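Novice: A single structure is presented below for examination.
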Amino acid sequence: MSDSERVAVRRAMCPGSFDPVTNGHLDIIDRAAELYDELVVAVFVNRSKSSLFTADERREMLLDSTAHKANVRIDVFQGLVVDYCRANDIPVIVKGLRAISDFDYELQMAQMNRGLAGVDTLFMPTNPEYSFLASSLVKEIANWGGDVSALVPPLVRKRLAERAAERHLDGPEGG
Ligand code: PNS
């Protein structure tokens, strides 16, 4: 096949901690997957940040909740986002913005990633239904037995309940 016949694959990535994935993340993933031929959702492992779920557990929850999207691929990576992009021929990162408070940090990262490797970032406004939603809040609510069924997909709800039960068995502080 000649270069002129080859059709370029439009590829993008959504990086994040996904500890765990929420309906807010899934809204952005679904919408970004409509815009590109292939969307890679990459779980970034940050050893200096404590997480509730292992990278493999986070990957499993993402796989389950994006199974309906044929062009979404899930991966796990440790390192710089731009190194992942370079290695996988990904020119653009897609990020959701919930509120203006997200903007400062996201702009800083976007400019740094563009400066480091020419990788651009597209910001997508979060669905207002999820503008208050954060994995950290979901974890706190679930840890104390609150109802998170409107905030996360079913498998995540199940895994959160299991983890909360384990933590409460472990001791009075809940782990
Ligand atoms: O879901 P999060 O915790 O907001 O995701 C943050 C994440 C993983 C996207 C960010 O920490 C990141 O990009 N980590 C990879 C390391 C990296 O590339 N750092 C330099 C950013 S300029």
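Here's how to read the names in the structure tokens: chain A, B, ... by the order shown, residue numbers from 1 in each chain, ligand numbers from 1 in the order shown.
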Could you pull the residues within 10 Å of A:Arg73, counting only C-alpha atoms, minus those fewer than 3 positions along the same chain, as a list in words?
Specialist: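 The neighbour list is Met13, Glu38, Leu39, Val40, Val41, Ala42, Leu62, Leu63, Thr66, Ala67, Lys69 and Ala70 of chain A.
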Novice: With N, CA and C atoms kept, could you save the residues just selected as a compact mmCIF listing (two decimals), in the first residue's frame?
Specialist:
```
# COMPACT_ATOMS: atom_id res chain seq x y z
N MET A 13 -5.73 9.94 23.52
CA MET A 13 -5.67 9.21 24.80
C MET A 13 -6.29 10.03 25.94
N GLU A 38 -9.59 5.77 17.37
CA GLU A 38 -9.16 4.91 18.48
C GLU A 38 -8.88 5.78 19.70
N LEU A 39 -9.39 5.37 20.82
CA LEU A 39 -9.14 6.10 22.07
C LEU A 39 -8.48 5.16 23.07
N VAL A 40 -7.31 5.57 23.54
CA VAL A 40 -6.63 4.78 24.57
C VAL A 40 -6.91 5.42 25.92
N VAL A 41 -7.42 4.65 26.84
CA VAL A 41 -7.62 5.13 28.20
C VAL A 41 -6.50 4.51 29.03
N ALA A 42 -5.60 5.36 29.54
CA ALA A 42 -4.42 4.82 30.22
C ALA A 42 -4.46 5.13 31.71
N LEU A 62 -12.33 -0.41 34.27
CA LEU A 62 -12.43 0.35 33.02
C LEU A 62 -12.81 -0.56 31.86
N LEU A 63 -12.20 -1.74 31.81
CA LEU A 63 -12.53 -2.68 30.73
C LEU A 63 -14.01 -3.01 30.75
N THR A 66 -16.29 0.03 29.68
CA THR A 66 -16.16 0.57 28.31
C THR A 66 -16.34 -0.54 27.27
N ALA A 67 -16.79 -1.70 27.71
CA ALA A 67 -16.89 -2.87 26.81
C ALA A 67 -17.80 -2.59 25.61
N LYS A 69 -17.83 0.02 23.85
CA LYS A 69 -17.16 0.91 22.89
C LYS A 69 -16.02 0.14 22.20
N ALA A 70 -16.24 -0.23 20.93
CA ALA A 70 -15.28 -1.08 20.23
C ALA A 70 -13.94 -0.37 19.99
```
Novice: Counting only C-alpha atoms and all ligand atoms, which residues of chain A sit at most 8 Å from some atom of ligand 1, and what is each one's closest atom pair with its distance in Å to one decimal, listed by chain and rising residue number, as JSON lines?
Specialist:
```
{"residue": "A:Cys14", "atom": "CA", "partner": "ligand 1", "partner_atom_place_in_ligand_line": "9 (C)", "distance": 7.9}
{"residue": "A:Pro15", "atom": "CA", "partner": "ligand 1", "partner_atom_place_in_ligand_line": "9 (C)", "distance": 4.7}
{"residue": "A:Gly16", "atom": "CA", "partner": "ligand 1", "partner_atom_place_in_ligand_line": "5 (O)", "distance": 3.5}
{"residue": "A:Ser17", "atom": "CA", "partner": "ligand 1", "partner_atom_place_in_ligand_line": "1 (O)", "distance": 3.9}
{"residue": "A:Phe18", "atom": "CA", "partner": "ligand 1", "partner_atom_place_in_ligand_line": "1 (O)", "distance": 5.6}
{"residue": "A:Asp19", "atom": "CA", "partner": "ligand 1", "partner_atom_place_in_ligand_line": "1 (O)", "distance": 7.6}
{"residue": "A:Val43", "atom": "CA", "partner": "ligand 1", "partner_atom_place_in_ligand_line": "8 (C)", "distance": 7.1}
{"residue": "A:Phe44", "atom": "CA", "partner": "ligand 1", "partner_atom_place_in_ligand_line": "8 (C)", "distance": 4.9}
{"residue": "A:Val45", "atom": "CA", "partner": "ligand 1", "partner_atom_place_in_ligand_line": "8 (C)", "distance": 7.3}
{"residue": "A:Asn46", "atom": "CA", "partner": "ligand 1", "partner_atom_place_in_ligand_line": "14 (N)", "distance": 7.2}
{"residue": "A:Gln78", "atom": "CA", "partner": "ligand 1", "partner_atom_place_in_ligand_line": "15 (C)", "distance": 7.3}
{"residue": "A:Gly79", "atom": "CA", "partner": "ligand 1", "partner_atom_place_in_ligand_line": "16 (C)", "distance": 5.5}
{"residue": "A:Leu80", "atom": "CA", "partner": "ligand 1", "partner_atom_place_in_ligand_line": "18 (O)", "distance": 3.4}
{"residue": "A:Val81", "atom": "CA", "partner": "ligand 1", "partner_atom_place_in_ligand_line": "18 (O)", "distance": 3.9}
{"residue": "A:Val82", "atom": "CA", "partner": "ligand 1", "partner_atom_place_in_ligand_line": "18 (O)", "distance": 6.1}
{"residue": "A:Asp83", "atom": "CA", "partner": "ligand 1", "partner_atom_place_in_ligand_line": "18 (O)", "distance": 7.8}
{"residue": "A:Gln108", "atom": "CA", "partner": "ligand 1", "partner_atom_place_in_ligand_line": "22 (S)", "distance": 7.0}
{"residue": "A:Met109", "atom": "CA", "partner": "ligand 1", "partner_atom_place_in_ligand_line": "22 (S)", "distance": 4.0}
{"residue": "A:Ala110", "atom": "CA", "partner": "ligand 1", "partner_atom_place_in_ligand_line": "22 (S)", "distance": 6.7}
{"residue": "A:Gln111", "atom": "CA", "partner": "ligand 1", "partner_atom_place_in_ligand_line": "22 (S)", "distance": 7.7}
{"residue": "A:Met112", "atom": "CA", "partner": "ligand 1", "partner_atom_place_in_ligand_line": "22 (S)", "distance": 5.0}
{"residue": "A:Asn113", "atom": "CA", "partner": "ligand 1", "partner_atom_place_in_ligand_line": "22 (S)", "distance": 5.3}
```
Novice: Quick one: write out the picked residues with N, CA, C and O atoms as a PDB file, in the first residue's frame?
Specialist:
```
ATOM      1  N   CYS A  14      -6.894   9.296  26.866  1.00  0.00           N
ATOM      2  CA  CYS A  14      -7.399   9.886  28.114  1.00  0.00           C
ATOM      3  C   CYS A  14      -6.569   9.300  29.244  1.00  0.00           C
ATOM      4  O   CYS A  14      -6.738   8.121  29.591  1.00  0.00           O
ATOM      5  N   PRO A  15      -5.649  10.071  29.817  1.00  0.00           N
ATOM      6  CA  PRO A  15      -4.864   9.563  30.944  1.00  0.00           C
ATOM      7  C   PRO A  15      -5.544   9.892  32.273  1.00  0.00           C
ATOM      8  O   PRO A  15      -6.301  10.866  32.359  1.00  0.00           O
ATOM      9  N   GLY A  16      -5.270   9.119  33.285  1.00  0.00           N
ATOM     10  CA  GLY A  16      -5.823   9.452  34.598  1.00  0.00           C
ATOM     11  C   GLY A  16      -5.451   8.407  35.625  1.00  0.00           C
ATOM     12  O   GLY A  16      -4.838   7.381  35.302  1.00  0.00           O
ATOM     13  N   SER A  17      -5.841   8.682  36.868  1.00  0.00           N
ATOM     14  CA  SER A  17      -5.622   7.699  37.932  1.00  0.00           C
ATOM     15  C   SER A  17      -6.749   6.667  37.941  1.00  0.00           C
ATOM     16  O   SER A  17      -6.529   5.499  38.282  1.00  0.00           O
ATOM     17  N   PHE A  18      -7.952   7.109  37.662  1.00  0.00           N
ATOM     18  CA  PHE A  18      -9.130   6.222  37.603  1.00  0.00           C
ATOM     19  C   PHE A  18      -9.218   5.329  38.846  1.00  0.00           C
ATOM     20  O   PHE A  18      -9.333   4.108  38.748  1.00  0.00           O
ATOM     21  N   ASP A  19      -9.141   5.970  40.013  1.00  0.00           N
ATOM     22  CA  ASP A  19      -9.119   5.216  41.288  1.00  0.00           C
ATOM     23  C   ASP A  19     -10.363   5.515  42.124  1.00  0.00           C
ATOM     24  O   ASP A  19     -10.234   6.150  43.166  1.00  0.00           O
ATOM     25  N   VAL A  43      -4.347   4.067  32.491  1.00  0.00           N
ATOM     26  CA  VAL A  43      -4.264   4.198  33.954  1.00  0.00           C
ATOM     27  C   VAL A  43      -2.816   4.509  34.285  1.00  0.00           C
ATOM     28  O   VAL A  43      -1.923   3.704  33.998  1.00  0.00           O
ATOM     29  N   PHE A  44      -2.575   5.676  34.864  1.00  0.00           N
ATOM     30  CA  PHE A  44      -1.205   6.041  35.229  1.00  0.00           C
ATOM     31  C   PHE A  44      -0.946   5.672  36.680  1.00  0.00           C
ATOM     32  O   PHE A  44      -1.715   6.009  37.576  1.00  0.00           O
ATOM     33  N   VAL A  45       0.149   4.961  36.878  1.00  0.00           N
ATOM     34  CA  VAL A  45       0.525   4.514  38.221  1.00  0.00           C
ATOM     35  C   VAL A  45       1.439   5.567  38.814  1.00  0.00           C
ATOM     36  O   VAL A  45       2.465   5.905  38.220  1.00  0.00           O
ATOM     37  N   ASN A  46       1.035   6.088  39.962  1.00  0.00           N
ATOM     38  CA  ASN A  46       1.837   7.101  40.647  1.00  0.00           C
ATOM     39  C   ASN A  46       2.167   6.571  42.035  1.00  0.00           C
ATOM     40  O   ASN A  46       1.316   6.554  42.920  1.00  0.00           O
ATOM     41  N   GLN A  78       3.398   3.444  33.642  1.00  0.00           N
ATOM     42  CA  GLN A  78       4.075   4.219  34.673  1.00  0.00           C
ATOM     43  C   GLN A  78       5.119   5.074  33.975  1.00  0.00           C
ATOM     44  O   GLN A  78       5.952   4.539  33.231  1.00  0.00           O
ATOM     45  N   GLY A  79       5.073   6.369  34.162  1.00  0.00           N
ATOM     46  CA  GLY A  79       6.019   7.256  33.488  1.00  0.00           C
ATOM     47  C   GLY A  79       5.323   8.519  33.034  1.00  0.00           C
ATOM     48  O   GLY A  79       4.261   8.874  33.564  1.00  0.00           O
ATOM     49  N   LEU A  80       5.930   9.185  32.060  1.00  0.00           N
ATOM     50  CA  LEU A  80       5.366  10.436  31.568  1.00  0.00           C
ATOM     51  C   LEU A  80       4.305  10.171  30.500  1.00  0.00           C
ATOM     52  O   LEU A  80       4.484   9.307  29.639  1.00  0.00           O
ATOM     53  N   VAL A  81       3.246  10.961  30.549  1.00  0.00           N
ATOM     54  CA  VAL A  81       2.187  10.864  29.539  1.00  0.00           C
ATOM     55  C   VAL A  81       2.776  11.031  28.141  1.00  0.00           C
ATOM     56  O   VAL A  81       2.439  10.288  27.218  1.00  0.00           O
ATOM     57  N   VAL A  82       3.688  12.006  27.999  1.00  0.00           N
ATOM     58  CA  VAL A  82       4.230  12.264  26.654  1.00  0.00           C
ATOM     59  C   VAL A  82       5.070  11.083  26.137  1.00  0.00           C
ATOM     60  O   VAL A  82       5.111  10.840  24.935  1.00  0.00           O
ATOM     61  N   ASP A  83       5.707  10.343  27.037  1.00  0.00           N
ATOM     62  CA  ASP A  83       6.473   9.166  26.580  1.00  0.00           C
ATOM     63  C   ASP A  83       5.520   8.091  26.070  1.00  0.00           C
ATOM     64  O   ASP A  83       5.796   7.422  25.078  1.00  0.00           O
ATOM     65  N   GLN A 108      -1.574  24.076  32.994  1.00  0.00           N
ATOM     66  CA  GLN A 108      -0.142  23.933  33.271  1.00  0.00           C
ATOM     67  C   GLN A 108       0.387  22.615  32.668  1.00  0.00           C
ATOM     68  O   GLN A 108       1.406  22.590  31.982  1.00  0.00           O
ATOM     69  N   MET A 109      -0.346  21.528  32.913  1.00  0.00           N
ATOM     70  CA  MET A 109       0.085  20.226  32.366  1.00  0.00           C
ATOM     71  C   MET A 109       0.031  20.224  30.845  1.00  0.00           C
ATOM     72  O   MET A 109       0.924  19.706  30.176  1.00  0.00           O
ATOM     73  N   ALA A 110      -1.042  20.821  30.292  1.00  0.00           N
ATOM     74  CA  ALA A 110      -1.197  20.824  28.835  1.00  0.00           C
ATOM     75  C   ALA A 110      -0.043  21.580  28.177  1.00  0.00           C
ATOM     76  O   ALA A 110       0.522  21.134  27.169  1.00  0.00           O
ATOM     77  N   GLN A 111       0.327  22.717  28.756  1.00  0.00           N
ATOM     78  CA  GLN A 111       1.406  23.513  28.167  1.00  0.00           C
ATOM     79  C   GLN A 111       2.740  22.781  28.312  1.00  0.00           C
ATOM     80  O   GLN A 111       3.574  22.809  27.410  1.00  0.00           O
ATOM     81  N   MET A 112       2.929  22.130  29.451  1.00  0.00           N
ATOM     82  CA  MET A 112       4.163  21.372  29.672  1.00  0.00           C
ATOM     83  C   MET A 112       4.254  20.209  28.674  1.00  0.00           C
ATOM     84  O   MET A 112       5.300  19.993  28.055  1.00  0.00           O
ATOM     85  N   ASN A 113       3.159  19.489  28.484  1.00  0.00           N
ATOM     86  CA  ASN A 113       3.174  18.342  27.567  1.00  0.00           C
ATOM     87  C   ASN A 113       3.405  18.785  26.125  1.00  0.00           C
ATOM     88  O   ASN A 113       4.100  18.119  25.363  1.00  0.00           O
TER      89      ASN A 113
END
```
Novice: If we count only C-alpha atoms, what is near A:Cys85 at a cut-off of 10 Å, once residues fewer than 5 positions away on the same chain are taken out, given as a PyMOL selection string?
Specialist: chain A and resi 11-13+40+80+90-93+117+119
Novice: Those residues with all heavy atoms, as a PDB file, in the first residue's frame please?
Specialist:
```pdb
ATOM      1  N   ARG A  11      -5.942   9.004  16.487  1.00  0.00           N
ATOM      2  CA  ARG A  11      -5.839   8.355  17.796  1.00  0.00           C
ATOM      3  C   ARG A  11      -5.709   9.415  18.897  1.00  0.00           C
ATOM      4  O   ARG A  11      -5.031  10.423  18.704  1.00  0.00           O
ATOM      5  CB  ARG A  11      -4.576   7.490  17.756  1.00  0.00           C
ATOM      6  CG  ARG A  11      -4.517   6.399  18.755  1.00  0.00           C
ATOM      7  CD  ARG A  11      -3.291   5.523  18.514  1.00  0.00           C
ATOM      8  NE  ARG A  11      -3.474   4.525  17.485  1.00  0.00           N
ATOM      9  CZ  ARG A  11      -2.620   4.287  16.488  1.00  0.00           C
ATOM     10  NH1 ARG A  11      -1.508   4.965  16.384  1.00  0.00           N
ATOM     11  NH2 ARG A  11      -2.878   3.350  15.602  1.00  0.00           N
ATOM     12  N   ALA A  12      -6.346   9.154  20.032  1.00  0.00           N
ATOM     13  CA  ALA A  12      -6.221  10.079  21.173  1.00  0.00           C
ATOM     14  C   ALA A  12      -6.118   9.272  22.457  1.00  0.00           C
ATOM     15  O   ALA A  12      -6.378   8.057  22.460  1.00  0.00           O
ATOM     16  CB  ALA A  12      -7.440  10.999  21.233  1.00  0.00           C
ATOM     17  N   MET A  13      -5.730   9.938  23.523  1.00  0.00           N
ATOM     18  CA  MET A  13      -5.673   9.214  24.801  1.00  0.00           C
ATOM     19  C   MET A  13      -6.294  10.027  25.935  1.00  0.00           C
ATOM     20  O   MET A  13      -6.252  11.251  25.953  1.00  0.00           O
ATOM     21  CB  MET A  13      -4.241   8.815  25.153  1.00  0.00           C
ATOM     22  CG  MET A  13      -3.372   9.919  25.674  1.00  0.00           C
ATOM     23  SD  MET A  13      -2.901   9.597  27.379  1.00  0.00           S
ATOM     24  CE  MET A  13      -1.865   8.182  27.164  1.00  0.00           C
ATOM     25  N   VAL A  40      -7.314   5.566  23.542  1.00  0.00           N
ATOM     26  CA  VAL A  40      -6.633   4.778  24.570  1.00  0.00           C
ATOM     27  C   VAL A  40      -6.906   5.425  25.919  1.00  0.00           C
ATOM     28  O   VAL A  40      -6.667   6.627  26.092  1.00  0.00           O
ATOM     29  CB  VAL A  40      -5.108   4.734  24.325  1.00  0.00           C
ATOM     30  CG1 VAL A  40      -4.417   3.917  25.409  1.00  0.00           C
ATOM     31  CG2 VAL A  40      -4.798   4.164  22.948  1.00  0.00           C
ATOM     32  N   LEU A  80       5.930   9.185  32.060  1.00  0.00           N
ATOM     33  CA  LEU A  80       5.366  10.436  31.568  1.00  0.00           C
ATOM     34  C   LEU A  80       4.305  10.171  30.500  1.00  0.00           C
ATOM     35  O   LEU A  80       4.484   9.307  29.639  1.00  0.00           O
ATOM     36  CB  LEU A  80       6.456  11.311  30.952  1.00  0.00           C
ATOM     37  CG  LEU A  80       7.505  11.892  31.897  1.00  0.00           C
ATOM     38  CD1 LEU A  80       8.544  12.690  31.104  1.00  0.00           C
ATOM     39  CD2 LEU A  80       6.846  12.782  32.960  1.00  0.00           C
ATOM     40  N   ILE A  90       0.463   8.792  19.474  1.00  0.00           N
ATOM     41  CA  ILE A  90      -0.763   9.489  19.883  1.00  0.00           C
ATOM     42  C   ILE A  90      -0.466  10.994  19.944  1.00  0.00           C
ATOM     43  O   ILE A  90       0.347  11.427  20.763  1.00  0.00           O
ATOM     44  CB  ILE A  90      -1.255   8.986  21.255  1.00  0.00           C
ATOM     45  CG1 ILE A  90      -1.606   7.499  21.167  1.00  0.00           C
ATOM     46  CG2 ILE A  90      -2.453   9.804  21.746  1.00  0.00           C
ATOM     47  CD1 ILE A  90      -1.977   6.863  22.486  1.00  0.00           C
ATOM     48  N   PRO A  91      -1.103  11.798  19.092  1.00  0.00           N
ATOM     49  CA  PRO A  91      -0.777  13.228  19.071  1.00  0.00           C
ATOM     50  C   PRO A  91      -1.588  14.086  20.034  1.00  0.00           C
ATOM     51  O   PRO A  91      -1.298  15.263  20.217  1.00  0.00           O
ATOM     52  CB  PRO A  91      -1.104  13.623  17.625  1.00  0.00           C
ATOM     53  CG  PRO A  91      -2.194  12.678  17.218  1.00  0.00           C
ATOM     54  CD  PRO A  91      -2.011  11.414  18.005  1.00  0.00           C
ATOM     55  N   VAL A  92      -2.633  13.518  20.623  1.00  0.00           N
ATOM     56  CA  VAL A  92      -3.523  14.381  21.408  1.00  0.00           C
ATOM     57  C   VAL A  92      -4.074  13.676  22.657  1.00  0.00           C
ATOM     58  O   VAL A  92      -4.388  12.490  22.635  1.00  0.00           O
ATOM     59  CB  VAL A  92      -4.670  14.928  20.504  1.00  0.00           C
ATOM     60  CG1 VAL A  92      -5.532  13.830  19.935  1.00  0.00           C
ATOM     61  CG2 VAL A  92      -5.529  15.957  21.241  1.00  0.00           C
ATOM     62  N   ILE A  93      -4.161  14.488  23.715  1.00  0.00           N
ATOM     63  CA  ILE A  93      -4.722  14.040  24.995  1.00  0.00           C
ATOM     64  C   ILE A  93      -6.092  14.699  25.131  1.00  0.00           C
ATOM     65  O   ILE A  93      -6.236  15.877  24.794  1.00  0.00           O
ATOM     66  CB  ILE A  93      -3.812  14.524  26.149  1.00  0.00           C
ATOM     67  CG1 ILE A  93      -2.425  13.877  26.065  1.00  0.00           C
ATOM     68  CG2 ILE A  93      -4.448  14.283  27.514  1.00  0.00           C
ATOM     69  CD1 ILE A  93      -1.378  14.584  26.931  1.00  0.00           C
ATOM     70  N   ALA A 117       6.869  17.584  24.148  1.00  0.00           N
ATOM     71  CA  ALA A 117       6.821  16.617  23.037  1.00  0.00           C
ATOM     72  C   ALA A 117       5.866  17.015  21.913  1.00  0.00           C
ATOM     73  O   ALA A 117       5.611  16.202  21.031  1.00  0.00           O
ATOM     74  CB  ALA A 117       6.398  15.241  23.597  1.00  0.00           C
ATOM     75  N   VAL A 119       2.770  17.314  22.126  1.00  0.00           N
ATOM     76  CA  VAL A 119       1.485  16.630  22.276  1.00  0.00           C
ATOM     77  C   VAL A 119       0.450  17.658  22.746  1.00  0.00           C
ATOM     78  O   VAL A 119       0.647  18.321  23.766  1.00  0.00           O
ATOM     79  CB  VAL A 119       1.589  15.470  23.297  1.00  0.00           C
ATOM     80  CG1 VAL A 119       0.232  14.838  23.541  1.00  0.00           C
ATOM     81  CG2 VAL A 119       2.585  14.431  22.814  1.00  0.00           C
TER      82      VAL A 119
END
```
Novice: Rank A:Ala55, A:Leu97, A:Ala142, A:Ala134 by their smallest atom-to-atom distance to A:His168, using only C-alpha atoms, and report the top residue only.
Specialist: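 Closest candidate: A:Ala142.
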Novice: Could you pull out the residues in stretch 12-159 of chain A that DSSP calls strand (DSSP E or B) from the backbone, as a count of residues only?
Specialist: 30
Novice: Counting only C-alpha atoms, what is within 8 Å of stretch 153-156 of chain A, bar same-chain residues fewer than 2 positions away, as a compact mmCIF listing (two decimals) with all heavy atoms, in the first residue's frame?
Specialist:
```txt
# COMPACT_ATOMS: atom_id res chain seq x y z
N PRO A 20 -11.55 5.06 41.70
CA PRO A 20 -11.88 4.28 40.51
C PRO A 20 -12.49 5.17 39.44
O PRO A 20 -12.71 6.37 39.66
CB PRO A 20 -12.96 3.32 41.06
CG PRO A 20 -13.73 4.21 42.01
CD PRO A 20 -12.71 5.13 42.63
N VAL A 21 -12.77 4.55 38.26
CA VAL A 21 -13.46 5.28 37.20
C VAL A 21 -14.88 5.65 37.68
O VAL A 21 -15.52 4.89 38.41
CB VAL A 21 -13.52 4.42 35.91
CG1 VAL A 21 -14.31 3.13 36.10
CG2 VAL A 21 -14.08 5.23 34.73
N THR A 22 -15.32 6.86 37.31
CA THR A 22 -16.66 7.33 37.69
C THR A 22 -17.50 7.56 36.42
O THR A 22 -16.97 7.55 35.31
CB THR A 22 -16.59 8.68 38.45
OG1 THR A 22 -16.16 9.68 37.51
CG2 THR A 22 -15.66 8.62 39.63
N ASN A 23 -18.78 7.85 36.62
CA ASN A 23 -19.64 8.16 35.48
C ASN A 23 -19.17 9.45 34.78
O ASN A 23 -19.43 9.64 33.60
CB ASN A 23 -21.10 8.30 35.92
CG ASN A 23 -21.69 6.95 36.29
OD1 ASN A 23 -21.12 5.91 35.95
ND2 ASN A 23 -22.81 6.96 36.98
N MET A 61 -12.00 -2.54 36.02
CA MET A 61 -13.24 -1.75 36.10
C MET A 61 -13.43 -0.93 34.83
O MET A 61 -14.56 -0.78 34.34
CB MET A 61 -13.22 -0.86 37.35
CG MET A 61 -13.34 -1.67 38.63
SD MET A 61 -13.37 -0.64 40.12
CE MET A 61 -11.64 -0.56 40.52
N ASP A 64 -14.53 -3.29 31.94
CA ASP A 64 -15.94 -3.66 32.08
C ASP A 64 -16.86 -2.51 31.67
O ASP A 64 -17.84 -2.71 30.97
CB ASP A 64 -16.20 -4.07 33.53
CG ASP A 64 -17.61 -4.58 33.72
OD1 ASP A 64 -17.85 -5.75 33.35
OD2 ASP A 64 -18.49 -3.81 34.18
N SER A 65 -16.51 -1.29 32.07
CA SER A 65 -17.44 -0.19 31.84
C SER A 65 -17.29 0.47 30.47
O SER A 65 -18.09 1.33 30.11
CB SER A 65 -17.33 0.85 32.96
OG SER A 65 -16.00 1.20 33.17
N SER A 149 -24.65 4.62 43.67
CA SER A 149 -25.13 3.97 42.44
C SER A 149 -25.36 4.95 41.28
O SER A 149 -25.30 4.55 40.13
CB SER A 149 -26.40 3.16 42.72
OG SER A 149 -27.35 3.98 43.34
N ALA A 150 -25.61 6.23 41.59
CA ALA A 150 -25.81 7.20 40.50
C ALA A 150 -24.47 7.80 40.03
O ALA A 150 -24.45 8.56 39.06
CB ALA A 150 -26.72 8.33 40.97
N LEU A 151 -23.40 7.43 40.70
CA LEU A 151 -22.11 8.09 40.43
C LEU A 151 -21.09 7.22 39.70
O LEU A 151 -20.16 7.74 39.07
CB LEU A 151 -21.48 8.55 41.76
CG LEU A 151 -22.38 9.35 42.71
CD1 LEU A 151 -21.64 9.68 44.00
CD2 LEU A 151 -22.85 10.63 42.03
N LYS A 158 -19.80 -2.36 43.16
CA LYS A 158 -19.57 -3.65 43.83
C LYS A 158 -18.16 -3.69 44.43
O LYS A 158 -17.99 -4.06 45.60
CB LYS A 158 -19.74 -4.76 42.77
CG LYS A 158 -19.60 -6.17 43.25
CD LYS A 158 -20.09 -7.13 42.16
CE LYS A 158 -19.97 -8.56 42.59
NZ LYS A 158 -18.64 -9.12 42.36
N ARG A 159 -17.17 -3.29 43.65
CA ARG A 159 -15.78 -3.33 44.14
C ARG A 159 -15.58 -2.37 45.33
O ARG A 159 -14.84 -2.67 46.27
CB ARG A 159 -14.80 -2.96 43.02
CG ARG A 159 -14.73 -3.97 41.89
CD ARG A 159 -13.88 -5.18 42.29
NE ARG A 159 -13.83 -6.14 41.21
CZ ARG A 159 -14.65 -7.19 41.07
NH1 ARG A 159 -15.57 -7.45 41.98
NH2 ARG A 159 -14.53 -8.00 40.04
N LEU A 160 -16.25 -1.21 45.29
CA LEU A 160 -16.14 -0.26 46.40
C LEU A 160 -16.74 -0.84 47.67
O LEU A 160 -16.18 -0.70 48.77
CB LEU A 160 -16.86 1.05 46.04
CG LEU A 160 -16.12 2.01 45.13
CD1 LEU A 160 -17.08 3.06 44.56
CD2 LEU A 160 -14.96 2.71 45.87
```
Novice: Restricting the calculation to only C-alpha atoms: of A:Ser48, A:Asn143, A:Ser131, A:Ser136, which residue gets closest to A:Glu162?
Specialist: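 Among A:Ser48, A:Asn143, A:Ser131, A:Ser136, it is A:Asn143 that comes nearest to A:Glu162.
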Novice: Quick one: of A:Ala32, A:Asp75, A:Leu52, A:Asp89, who's nearest to A:Val138, counting only C-alpha atoms?
Specialist: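 Smallest separation from A:Val138 among the options: A:Leu52.
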Novice: Could you tell me which of A:Leu133, A:Ile141, A:Ile28, A:Val94 comes closest to A:Thr121 if we count only C-alpha atoms?
Specialist: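 Smallest separation from A:Thr121 among the options: A:Val94.
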Novice: What residues in chain A get the DSSP label helix (DSSP H, G or I)? Please answer as a VMD selection string.
Specialist: chain A and resid 23 to 35 55 to 65 81 to 87 100 to 117 128 to 130 135 to 143 154 to 170
Novice: How many Å lie between atom CA of A:Phe132 and atom CA of A:Asp147, rounded to one decimal?
Specialist: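 The value is 15.4 Å.
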Novice: Using atom CA of A:Asp37 and atom CA of A:Asn71 as the two end points, give the distance in Å to one decimal.
Specialist: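 Going from atom CA of A:Asp37 over to atom CA of A:Asn71, I get 6.5 Å.
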